[in-house]
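Participant: Below you'll find work01.cif; it's mmCIF, C-alpha atoms and all ligand atoms.
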data_my_file
#
loop_
_atom_site.label_atom_id
_atom_site.label_comp_id
_atom_site.auth_asym_id
_atom_site.auth_seq_id
_atom_site.Cartn_x
_atom_site.Cartn_y
_atom_site.Cartn_z
CA MET E 25 -45.89 -48.75 -29.24
CA ARG E 26 -43.91 -48.43 -25.99
CA ILE E 27 -42.88 -51.69 -24.38
CA ALA E 28 -41.15 -51.97 -20.99
CA VAL E 29 -38.83 -54.94 -20.56
CA VAL E 30 -37.82 -56.10 -17.11
CA SER E 31 -35.86 -59.12 -15.93
CA ASP E 32 -34.51 -60.77 -12.81
CA ILE E 33 -36.89 -59.10 -10.39
CA HIS E 34 -35.97 -61.71 -7.77
CA SER E 35 -38.80 -61.10 -5.30
CA ASN E 36 -37.72 -57.48 -4.81
CA LEU E 37 -41.06 -55.65 -4.69
CA GLN E 38 -39.50 -52.32 -3.66
CA ALA E 39 -37.40 -52.36 -6.82
CA LEU E 40 -40.26 -53.48 -9.07
CA ASP E 41 -42.57 -50.77 -7.74
CA ALA E 42 -39.89 -48.12 -8.33
CA VAL E 43 -39.61 -49.29 -11.93
CA LEU E 44 -43.39 -49.32 -12.44
CA GLY E 45 -43.56 -45.84 -10.95
CA SER E 46 -40.94 -44.46 -13.32
CA LEU E 47 -42.05 -46.06 -16.58
CA GLY E 48 -44.70 -43.66 -17.66
CA THR E 49 -47.42 -45.06 -19.89
CA VAL E 50 -46.56 -48.26 -21.70
CA ASP E 51 -48.53 -50.52 -24.02
CA ALA E 52 -47.00 -53.72 -22.70
CA LEU E 53 -44.75 -55.02 -19.94
CA TRP E 54 -42.55 -58.01 -20.76
CA GLN E 55 -40.56 -59.88 -18.14
CA LEU E 56 -37.62 -62.19 -18.87
CA GLY E 57 -37.69 -64.56 -15.92
CA ASP E 58 -36.32 -64.95 -12.40
CA VAL E 59 -39.44 -63.40 -10.96
CA VAL E 60 -38.49 -64.96 -7.61
CA GLY E 61 -35.40 -66.14 -5.74
CA TYR E 62 -32.98 -64.16 -3.48
CA GLY E 63 -35.52 -61.56 -2.33
CA PRO E 64 -38.20 -61.40 0.37
CA GLU E 65 -41.53 -60.91 -1.47
CA PRO E 66 -42.33 -63.63 -4.02
CA ASP E 67 -46.10 -63.34 -3.57
CA GLY E 68 -46.06 -59.54 -3.68
CA VAL E 69 -44.08 -59.50 -6.92
CA VAL E 70 -46.30 -62.07 -8.63
CA ASP E 71 -49.42 -60.20 -7.48
CA ARG E 72 -48.04 -57.02 -9.01
CA LEU E 73 -47.08 -58.68 -12.31
CA ARG E 74 -50.55 -60.18 -12.58
CA ALA E 75 -52.15 -56.83 -11.76
CA VAL E 76 -50.28 -55.00 -14.53
CA GLY E 77 -50.79 -57.79 -17.06
CA ALA E 78 -47.10 -58.63 -17.50
CA PHE E 79 -46.27 -61.17 -20.14
CA GLY E 80 -43.15 -63.24 -19.85
CA VAL E 81 -41.00 -66.31 -19.46
CA LYS E 82 -39.55 -68.59 -16.81
CA GLY E 83 -36.06 -68.31 -15.29
CA ASN E 84 -33.88 -70.82 -13.52
CA HIS E 85 -34.85 -69.41 -10.10
CA ASP E 86 -38.55 -69.74 -10.95
CA ASP E 87 -37.90 -73.34 -11.94
CA ALA E 88 -35.93 -74.00 -8.74
CA ALA E 89 -38.62 -72.50 -6.53
CA CYS E 90 -41.12 -74.92 -8.05
CA GLY E 91 -38.91 -77.94 -7.38
CA GLY E 92 -37.13 -78.02 -10.76
CA GLU E 93 -33.60 -79.30 -11.19
CA SER E 94 -32.11 -75.82 -11.84
CA VAL E 95 -31.36 -75.78 -8.11
CA ASP E 96 -28.57 -78.32 -8.70
CA GLY E 97 -26.35 -75.60 -10.15
CA PHE E 98 -26.99 -73.04 -7.41
CA THR E 99 -24.56 -71.52 -4.91
CA PRO E 100 -25.33 -72.36 -1.27
CA ASP E 101 -26.96 -68.94 -0.70
CA ALA E 102 -29.11 -69.23 -3.83
CA ARG E 103 -30.18 -72.69 -2.77
CA ILE E 104 -31.21 -71.45 0.68
CA ALA E 105 -33.23 -68.66 -0.94
CA ALA E 106 -34.88 -71.12 -3.37
CA GLU E 107 -35.87 -73.40 -0.51
CA TRP E 108 -37.17 -70.43 1.48
CA THR E 109 -39.23 -69.29 -1.52
CA ARG E 110 -40.58 -72.77 -2.13
CA ALA E 111 -41.73 -73.07 1.47
CA ARG E 112 -43.18 -69.57 1.74
CA MET E 113 -44.92 -68.75 -1.52
CA ASN E 114 -48.64 -69.29 -1.86
CA GLU E 115 -50.44 -71.51 -4.35
CA THR E 116 -51.30 -68.63 -6.70
CA THR E 117 -47.63 -67.72 -6.97
CA ARG E 118 -46.59 -71.32 -7.48
CA ALA E 119 -49.20 -71.84 -10.22
CA TYR E 120 -48.13 -68.60 -11.93
CA LEU E 121 -44.46 -69.64 -11.97
CA ILE E 122 -45.18 -73.17 -13.15
CA GLY E 123 -47.32 -71.75 -15.95
CA LEU E 124 -44.60 -69.46 -17.36
CA PRO E 125 -43.36 -70.68 -20.75
CA GLU E 126 -39.62 -70.96 -21.49
CA ARG E 127 -39.91 -68.93 -24.67
CA LEU E 128 -42.30 -66.42 -26.25
CA GLU E 129 -42.50 -64.58 -29.57
CA PRO E 130 -44.88 -61.62 -29.21
CA GLN E 131 -45.23 -58.68 -31.63
CA GLY E 132 -45.60 -60.44 -34.94
CA GLY E 133 -42.37 -62.33 -34.79
CA GLU E 134 -39.94 -59.45 -34.26
CA TYR E 135 -38.93 -60.41 -30.75
CA THR E 136 -38.05 -63.67 -29.02
CA LEU E 137 -38.15 -63.64 -25.22
CA VAL E 138 -36.08 -66.07 -23.15
CA HIS E 139 -34.37 -65.95 -19.78
CA GLY E 140 -30.96 -67.38 -20.68
CA SER E 141 -30.45 -68.06 -24.38
CA PRO E 142 -32.58 -69.30 -27.27
CA ARG E 143 -30.82 -72.65 -27.44
CA GLU E 144 -30.91 -73.15 -23.67
CA PRO E 145 -33.73 -70.91 -22.42
CA ILE E 146 -33.39 -71.51 -18.70
CA GLY E 147 -29.71 -72.05 -18.07
CA GLU E 148 -27.20 -70.49 -20.49
CA TYR E 149 -25.51 -67.14 -19.77
CA LEU E 150 -25.45 -65.18 -22.99
CA ASP E 151 -22.60 -62.82 -22.20
CA THR E 152 -19.92 -63.38 -24.87
CA THR E 153 -19.69 -62.84 -28.61
CA ASP E 154 -19.00 -66.59 -29.01
CA ALA E 155 -22.18 -67.51 -27.16
CA ALA E 156 -24.11 -64.97 -29.26
CA ARG E 157 -22.74 -66.36 -32.53
CA GLU E 158 -23.61 -69.91 -31.53
CA ASN E 159 -27.15 -68.86 -30.62
CA MET E 160 -28.01 -66.90 -33.77
CA ALA E 161 -29.44 -69.97 -35.48
CA ALA E 162 -31.55 -70.84 -32.44
CA PHE E 163 -34.07 -68.02 -33.00
CA SER E 164 -35.70 -66.64 -36.11
CA THR E 165 -36.85 -63.15 -35.09
CA THR E 166 -34.81 -59.97 -35.52
CA TYR E 167 -34.23 -59.41 -31.81
CA CYS E 168 -33.81 -61.78 -28.93
CA LEU E 169 -34.38 -60.37 -25.44
CA VAL E 170 -32.40 -62.14 -22.71
CA GLY E 171 -31.78 -61.71 -18.99
CA HIS E 172 -30.04 -64.03 -16.52
CA THR E 173 -26.66 -62.23 -16.34
CA HIS E 174 -28.05 -59.16 -14.48
CA VAL E 175 -25.85 -56.94 -16.70
CA PRO E 176 -27.30 -54.64 -19.40
CA LEU E 177 -25.76 -55.63 -22.72
CA VAL E 178 -26.15 -55.51 -26.49
CA LEU E 179 -24.69 -58.21 -28.73
CA ARG E 180 -25.34 -57.28 -32.35
CA GLU E 181 -24.48 -58.63 -35.78
CA GLU E 182 -22.41 -56.07 -37.67
CA ARG E 183 -20.99 -56.99 -41.08
CA GLY E 184 -20.80 -60.67 -40.34
CA GLN E 185 -19.32 -60.22 -36.87
CA ILE E 186 -20.87 -59.98 -33.43
CA LYS E 187 -20.11 -56.80 -31.51
CA ALA E 188 -20.65 -56.58 -27.75
CA ARG E 189 -21.56 -53.32 -26.08
CA LEU E 190 -21.98 -52.82 -22.35
CA VAL E 191 -24.78 -50.40 -21.67
CA GLY E 192 -24.66 -47.62 -19.10
CA PRO E 193 -27.70 -45.95 -17.57
CA GLU E 194 -29.66 -43.67 -19.94
CA THR E 195 -28.23 -45.30 -23.05
CA ARG E 196 -30.24 -45.05 -26.26
CA LEU E 197 -29.76 -47.49 -29.14
CA SER E 198 -31.30 -47.20 -32.58
CA ILE E 199 -32.46 -50.56 -33.80
CA ASP E 200 -32.72 -51.65 -37.42
CA GLU E 201 -32.64 -54.87 -39.40
CA ARG E 202 -29.44 -56.07 -37.72
CA ARG E 203 -30.13 -59.03 -35.48
CA ALA E 204 -29.28 -58.49 -31.85
CA PHE E 205 -29.49 -59.80 -28.32
CA LEU E 206 -30.69 -57.13 -25.90
CA ASN E 207 -30.38 -57.54 -22.13
CA PRO E 208 -32.24 -55.06 -19.88
CA GLY E 209 -30.13 -55.82 -16.77
CA SER E 210 -31.80 -56.74 -13.48
CA VAL E 211 -34.57 -55.05 -11.54
CA GLY E 212 -34.04 -56.80 -8.23
CA GLN E 213 -30.34 -57.60 -8.03
CA PRO E 214 -28.23 -55.56 -10.49
CA ARG E 215 -24.65 -56.77 -10.98
CA ASP E 216 -23.16 -54.04 -13.16
CA GLY E 217 -21.94 -51.88 -10.29
CA HIS E 218 -25.05 -49.67 -10.20
CA PRO E 219 -27.40 -50.59 -7.34
CA SER E 220 -30.55 -49.00 -8.80
CA ALA E 221 -33.10 -51.15 -10.65
CA SER E 222 -32.36 -51.56 -14.35
CA TYR E 223 -34.88 -51.93 -17.18
CA MET E 224 -35.35 -51.26 -20.88
CA LEU E 225 -37.93 -49.38 -22.94
CA ILE E 226 -38.59 -50.29 -26.56
CA ASP E 227 -40.17 -47.57 -28.68
CA THR E 228 -41.29 -49.33 -31.86
CA ASP E 229 -42.34 -46.09 -33.60
CA ALA E 230 -38.96 -44.46 -33.02
CA ALA E 231 -37.10 -47.78 -33.62
CA ALA E 232 -35.11 -47.18 -30.46
CA VAL E 233 -34.34 -48.88 -27.18
CA THR E 234 -33.34 -47.02 -24.03
CA TRP E 235 -31.95 -48.39 -20.77
CA GLN E 236 -33.20 -46.74 -17.61
CA ARG E 237 -32.50 -46.95 -13.87
CA ALA E 238 -34.91 -46.46 -10.99
CA ALA E 239 -33.60 -45.75 -7.49
CA TYR E 240 -35.47 -47.65 -4.78
CA ASP E 241 -35.40 -48.11 -1.02
CA ILE E 242 -32.63 -50.71 -0.86
CA GLY E 243 -32.62 -50.58 2.95
CA ALA E 244 -36.26 -51.64 3.08
CA THR E 245 -35.58 -54.70 0.91
CA GLN E 246 -32.49 -55.56 2.96
CA ALA E 247 -34.41 -55.28 6.24
CA ALA E 248 -37.16 -57.52 4.87
CA MET E 249 -34.57 -60.08 3.74
CA LEU E 250 -32.84 -60.17 7.12
CA GLY E 251 -36.20 -60.30 8.90
CA ALA E 252 -37.14 -63.30 6.76
CA GLY E 253 -33.93 -65.12 7.65
CA LEU E 254 -32.48 -64.96 4.12
CA PRO E 255 -28.65 -65.05 3.81
CA PRO E 256 -27.14 -61.67 4.89
CA ARG E 257 -24.68 -61.77 2.00
CA LEU E 258 -27.57 -61.66 -0.48
CA ALA E 259 -28.89 -58.55 1.29
CA ARG E 260 -25.51 -56.81 1.45
CA ARG E 261 -24.73 -57.16 -2.25
CA LEU E 262 -27.77 -55.02 -3.15
CA SER E 263 -25.93 -51.97 -1.79
CA PHE E 264 -23.14 -52.39 -4.33
CA GLY E 265 -24.92 -53.66 -7.41
CA ARG E 266 -22.66 -56.70 -7.41
ZN ZN E 301 -31.37 -63.95 -12.02
#
Spit out the file's structure as structure tokens when you get a sec.

Facilitator:
Amino acid sequence: MRIAVVSDIHSNLQALDAVLGSLGTVDALWQLGDVVGYGPEPDGVVDRLRAVGAFGVKGNHDDAACGGESVDGFTPDARIAAEWTRARMNETTRAYLIGLPERLEPQGGEYTLVHGSPREPIGEYLDTTDAARENMAAFSTTYCLVGHTHVPLVLREERGQIKARLVGPETRLSIDERRAFLNPGSVGQPRDGHPSASYMLIDTDAAAVTWQRAAYDIGATQAAMLGAGLPPRLARRLSFGR
């Protein structure tokens, strides 16, 4: 089975469509939250996810756009974007976001899906070996798929220790019985220095995970953001992947 894993799409339909166009045939599409926020097309992104039958969880920006208290921890620009999203999205989008669970375990208990971390699904950044160690007891599957940091990363148990590995584009990782956190990076606002959309493919037959990038029309997303009155700084950062 081939499973595509995307995260942090952030209302960037140009980026999501580039990813969908480059995936090839997959058996499932999983998304790890932050469907909306920052970007200009919340309704378009949710329409697309519904059309392709994506299965996934809620992020802090999805919570904020629906009036949740995640907005309390936001930067001023993120808060402006959350308020813009809340005012502009339609009822279908709002119902979709509200209905996203905080945690899922598809595939016969091999994978746990959360946005942040298993012990704090909406809010925690799982980006250190300490955080990984502390979260190992908070899920029971072999792998835990996380987003939220916008940086592709593997944190894996190796002989009683946790090893962190930053993941470049086109990286392939063999997976086995060792428990691991796998982060696909971000589709709509990458922060690892590469501006193209990041995602992950799990091949269960080959027992391998690969990280891929899809180039997209960044200028089109930026123009739509500025046209919508979203903060220019949020548009500019897309050019740098920061
Ligand atoms: Zn995010």

Participant: Could I get the residue neighbourhood of ligand ZN 301 (chain E) at 9 Å, counting all atoms listed in the file, as a list in words?

Facilitator: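 If we count all atoms listed in the file, the neighbours of ligand ZN 301 (chain E) turn out to be Ser31, Asp32, Ile33, His34, Gly57, Asp58, Val59, Val60, Gly61, Tyr62, Gly83, Asn84, His85, His139, Gly171, His172, Thr173, His174, Ser210, Gly212 and Gln213 of chain E.
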
Participant: Keeping only C-alpha atoms, write the selected residues to a file as a PDB file, keeping the file's coordinate frame.

Facilitator:
ATOM      1  CA  SER E  31     -35.860 -59.120 -15.930  1.00  0.00           C
ATOM      2  CA  ASP E  32     -34.510 -60.770 -12.810  1.00  0.00           C
ATOM      3  CA  ILE E  33     -36.890 -59.100 -10.390  1.00  0.00           C
ATOM      4  CA  HIS E  34     -35.970 -61.710  -7.770  1.00  0.00           C
ATOM      5  CA  GLY E  57     -37.690 -64.560 -15.920  1.00  0.00           C
ATOM      6  CA  ASP E  58     -36.320 -64.950 -12.400  1.00  0.00           C
ATOM      7  CA  VAL E  59     -39.440 -63.400 -10.960  1.00  0.00           C
ATOM      8  CA  VAL E  60     -38.490 -64.960  -7.610  1.00  0.00           C
ATOM      9  CA  GLY E  61     -35.400 -66.140  -5.740  1.00  0.00           C
ATOM     10  CA  TYR E  62     -32.980 -64.160  -3.480  1.00  0.00           C
ATOM     11  CA  GLY E  83     -36.060 -68.310 -15.290  1.00  0.00           C
ATOM     12  CA  ASN E  84     -33.880 -70.820 -13.520  1.00  0.00           C
ATOM     13  CA  HIS E  85     -34.850 -69.410 -10.100  1.00  0.00           C
ATOM     14  CA  HIS E 139     -34.370 -65.950 -19.780  1.00  0.00           C
ATOM     15  CA  GLY E 171     -31.780 -61.710 -18.990  1.00  0.00           C
ATOM     16  CA  HIS E 172     -30.040 -64.030 -16.520  1.00  0.00           C
ATOM     17  CA  THR E 173     -26.660 -62.230 -16.340  1.00  0.00           C
ATOM     18  CA  HIS E 174     -28.050 -59.160 -14.480  1.00  0.00           C
ATOM     19  CA  SER E 210     -31.800 -56.740 -13.480  1.00  0.00           C
ATOM     20  CA  GLY E 212     -34.040 -56.800  -8.230  1.00  0.00           C
ATOM     21  CA  GLN E 213     -30.340 -57.600  -8.030  1.00  0.00           C
TER      22      GLN E 213
END

Participant: Could you make a table, as CSV, of the residues of segment 116-190 of chain E that have an atom within 10 Å of an atom of segment 47-56 of chain E, each with its nearest atom pair and distance in Å to one decimal, counting all atoms listed in the file, in chain and number order?

Facilitator:
residue,atom,partner,partner_atom,distance
E:Glu126,CA,E:Leu56,CA,9.4
E:Arg127,CA,E:Leu56,CA,9.2
E:Leu128,CA,E:Leu56,CA,9.7
E:Pro130,CA,E:Trp54,CA,9.5
E:Leu137,CA,E:Leu56,CA,6.5
E:Val138,CA,E:Leu56,CA,6.0
E:His139,CA,E:Leu56,CA,5.1
E:Gly140,CA,E:Leu56,CA,8.6
E:Leu169,CA,E:Leu56,CA,7.5
E:Val170,CA,E:Leu56,CA,6.5
E:Gly171,CA,E:Leu56,CA,5.9
E:His172,CA,E:Leu56,CA,8.1

Participant: Can you measure atom CA of Arg112 of chain E to atom CA of Gly80 of chain E for me? One decimal in Å is fine.

Facilitator: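 Those two atoms sit 22.5 Å apart.
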
Participant: Draw an axis-aligned box over all listed atoms of segment 180-186 of chain E, pad each side with 4 Å, and write its centre and edge lengths in Å, one decimal, as AutoDock Vina command-line options.

Facilitator:
--center_x -22.3 --center_y -58.4 --center_z -36.7 --size_x 14.0 --size_y 12.6 --size_z 16.7

Participant: With distances taken over only C-alpha atoms, which of E:Ala28, E:Gly63, E:Ala161, E:Gly68 is nearest to Ile104 of chain E?

Facilitator: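 The answer is E:Gly63, which sits nearest to Ile104 of chain E.
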
Participant: Given all atoms listed in the file as the basis, pick out the residue of E:Ala231, E:Ala106, E:Val70, E:Val178 nearest to Leu254 of chain E.

Facilitator: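 Among the listed residues, E:Ala106 lies closest to Leu254 of chain E.
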
Participant: Using all atoms listed in the file, which of E:Asp227, E:Leu258, E:Pro66, E:Val233 sits nearest Ala204 of chain E?

Facilitator: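 Closest to Ala204 of chain E, using all atoms listed in the file: E:Val233.
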
Participant: Using all atoms listed in the file, find all polymer residues with an atom at most 9 Å away from the point (-34.5, -58.1, -32.1); report them as a PyMOL selection string.

Facilitator: chain E and resi 134-136+165-169+199-206

Participant: Using only C-alpha atoms, can you list as a PyMOL selection string the residues within 12 Å of (-18.4, -58.3, -32.3)?

Facilitator: chain E and resi 151-157+178-190+204-205

Participant: Write the residues of the preceding selection, restricted to C-alpha atoms, as a PDB file, in the coordinates of the input.

Facilitator:
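This is the output file out-v9.pdb:
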ATOM      1  CA  ASP E 151     -22.600 -62.820 -22.200  1.00  0.00           C
ATOM      2  CA  THR E 152     -19.920 -63.380 -24.870  1.00  0.00           C
ATOM      3  CA  THR E 153     -19.690 -62.840 -28.610  1.00  0.00           C
ATOM      4  CA  ASP E 154     -19.000 -66.590 -29.010  1.00  0.00           C
ATOM      5  CA  ALA E 155     -22.180 -67.510 -27.160  1.00  0.00           C
ATOM      6  CA  ALA E 156     -24.110 -64.970 -29.260  1.00  0.00           C
ATOM      7  CA  ARG E 157     -22.740 -66.360 -32.530  1.00  0.00           C
ATOM      8  CA  VAL E 178     -26.150 -55.510 -26.490  1.00  0.00           C
ATOM      9  CA  LEU E 179     -24.690 -58.210 -28.730  1.00  0.00           C
ATOM     10  CA  ARG E 180     -25.340 -57.280 -32.350  1.00  0.00           C
ATOM     11  CA  GLU E 181     -24.480 -58.630 -35.780  1.00  0.00           C
ATOM     12  CA  GLU E 182     -22.410 -56.070 -37.670  1.00  0.00           C
ATOM     13  CA  ARG E 183     -20.990 -56.990 -41.080  1.00  0.00           C
ATOM     14  CA  GLY E 184     -20.800 -60.670 -40.340  1.00  0.00           C
ATOM     15  CA  GLN E 185     -19.320 -60.220 -36.870  1.00  0.00           C
ATOM     16  CA  ILE E 186     -20.870 -59.980 -33.430  1.00  0.00           C
ATOM     17  CA  LYS E 187     -20.110 -56.800 -31.510  1.00  0.00           C
ATOM     18  CA  ALA E 188     -20.650 -56.580 -27.750  1.00  0.00           C
ATOM     19  CA  ARG E 189     -21.560 -53.320 -26.080  1.00  0.00           C
ATOM     20  CA  LEU E 190     -21.980 -52.820 -22.350  1.00  0.00           C
ATOM     21  CA  ALA E 204     -29.280 -58.490 -31.850  1.00  0.00           C
ATOM     22  CA  PHE E 205     -29.490 -59.800 -28.320  1.00  0.00           C
TER      23      PHE E 205
END

Participant: Which is closest to Pro142 of chain E among E:Ala248, E:Leu73, E:Val81, E:Leu124, if we use only C-alpha atoms?

Facilitator: E:Val81

Participant: For atom CA of Leu121 of chain E and atom CA of Lys82 of chain E, quote the distance in Å rounded to one decimal.

Facilitator: 7.0 Å

Participant: As an exercise, work out the distance from atom CA of Pro193 of chain E to atom CA of Val30 of chain E in Å and give it to one decimal place.

Facilitator: 14.3 Å

Participant: If we count only C-alpha atoms, what is near Arg103 of chain E at a cut-off of 10 Å, once residues fewer than 2 positions away on the same chain are taken out, given as a JSON list (two decimals) with C-alpha atoms, in the frame of the given file?

Facilitator:
[["chain", "number", "residue", "atom", "x", "y", "z"],
["E", 61, "GLY", "CA", -35.40, -66.14, -5.74],
["E", 62, "TYR", "CA", -32.98, -64.16, -3.48],
["E", 85, "HIS", "CA", -34.85, -69.41, -10.10],
["E", 88, "ALA", "CA", -35.93, -74.00, -8.74],
["E", 89, "ALA", "CA", -38.62, -72.50, -6.53],
["E", 94, "SER", "CA", -32.11, -75.82, -11.84],
["E", 95, "VAL", "CA", -31.36, -75.78, -8.11],
["E", 96, "ASP", "CA", -28.57, -78.32, -8.70],
["E", 97, "GLY", "CA", -26.35, -75.60, -10.15],
["E", 98, "PHE", "CA", -26.99, -73.04, -7.41],
["E", 99, "THR", "CA", -24.56, -71.52, -4.91],
["E", 100, "PRO", "CA", -25.33, -72.36, -1.27],
["E", 101, "ASP", "CA", -26.96, -68.94, -0.70],
["E", 105, "ALA", "CA", -33.23, -68.66, -0.94],
["E", 106, "ALA", "CA", -34.88, -71.12, -3.37],
["E", 107, "GLU", "CA", -35.87, -73.40, -0.51],
["E", 108, "TRP", "CA", -37.17, -70.43, 1.48],
["E", 109, "THR", "CA", -39.23, -69.29, -1.52]]

Participant: Write out as a ChimeraX atom specification which residues come within 9 Å of Arg118 of chain E when counting all atoms listed in the file, dropping same-chain ones fewer than 3 positions away.

Facilitator: /E:67,86,89-90,110,113-115,121-123

Participant: Complete segment 205-217 of chain E at the level of N, CA, C and O atoms, written as a tab-separated table (two decimals), in the frame of the given file.

Facilitator:
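The resulting file, selection_30.tsv, is reproduced below:
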chain	number	residue	atom	x	y	z
E	205	PHE	N	-29.04	-59.41	-29.66
E	205	PHE	CA	-29.49	-59.80	-28.32
E	205	PHE	C	-29.48	-58.54	-27.47
E	205	PHE	O	-28.49	-57.80	-27.46
E	206	LEU	N	-30.58	-58.31	-26.76
E	206	LEU	CA	-30.69	-57.13	-25.90
E	206	LEU	C	-31.00	-57.59	-24.48
E	206	LEU	O	-31.96	-58.33	-24.27
E	207	ASN	N	-30.18	-57.15	-23.53
E	207	ASN	CA	-30.38	-57.54	-22.13
E	207	ASN	C	-30.70	-56.29	-21.31
E	207	ASN	O	-29.91	-55.34	-21.31
E	208	PRO	N	-31.84	-56.27	-20.62
E	208	PRO	CA	-32.24	-55.06	-19.88
E	208	PRO	C	-31.51	-54.89	-18.55
E	208	PRO	O	-31.69	-53.87	-17.89
E	209	GLY	N	-30.68	-55.86	-18.13
E	209	GLY	CA	-30.13	-55.82	-16.77
E	209	GLY	C	-31.19	-56.32	-15.79
E	209	GLY	O	-32.24	-56.82	-16.19
E	210	SER	N	-30.92	-56.16	-14.51
E	210	SER	CA	-31.80	-56.74	-13.48
E	210	SER	C	-32.52	-55.67	-12.68
E	210	SER	O	-31.95	-54.65	-12.31
E	211	VAL	N	-33.79	-55.93	-12.43
E	211	VAL	CA	-34.57	-55.05	-11.54
E	211	VAL	C	-34.14	-55.27	-10.09
E	211	VAL	O	-33.83	-54.32	-9.37
E	212	GLY	N	-34.13	-56.52	-9.67
E	212	GLY	CA	-34.04	-56.80	-8.23
E	212	GLY	C	-32.69	-57.11	-7.66
E	212	GLY	O	-32.52	-57.13	-6.43
E	213	GLN	N	-31.69	-57.35	-8.54
E	213	GLN	CA	-30.34	-57.60	-8.03
E	213	GLN	C	-29.31	-57.26	-9.12
E	213	GLN	O	-28.65	-58.13	-9.67
E	214	PRO	N	-29.17	-55.96	-9.43
E	214	PRO	CA	-28.23	-55.56	-10.49
E	214	PRO	C	-26.79	-55.99	-10.15
E	214	PRO	O	-26.40	-56.00	-8.99
E	215	ARG	N	-26.04	-56.35	-11.20
E	215	ARG	CA	-24.65	-56.77	-10.98
E	215	ARG	C	-23.68	-56.01	-11.87
E	215	ARG	O	-22.62	-56.52	-12.21
E	216	ASP	N	-24.06	-54.81	-12.29
E	216	ASP	CA	-23.16	-54.04	-13.16
E	216	ASP	C	-22.53	-52.87	-12.41
E	216	ASP	O	-22.01	-51.94	-13.02
E	217	GLY	N	-22.57	-52.92	-11.09
E	217	GLY	CA	-21.94	-51.88	-10.29
E	217	GLY	C	-22.85	-50.71	-9.98
E	217	GLY	O	-22.45	-49.80	-9.25
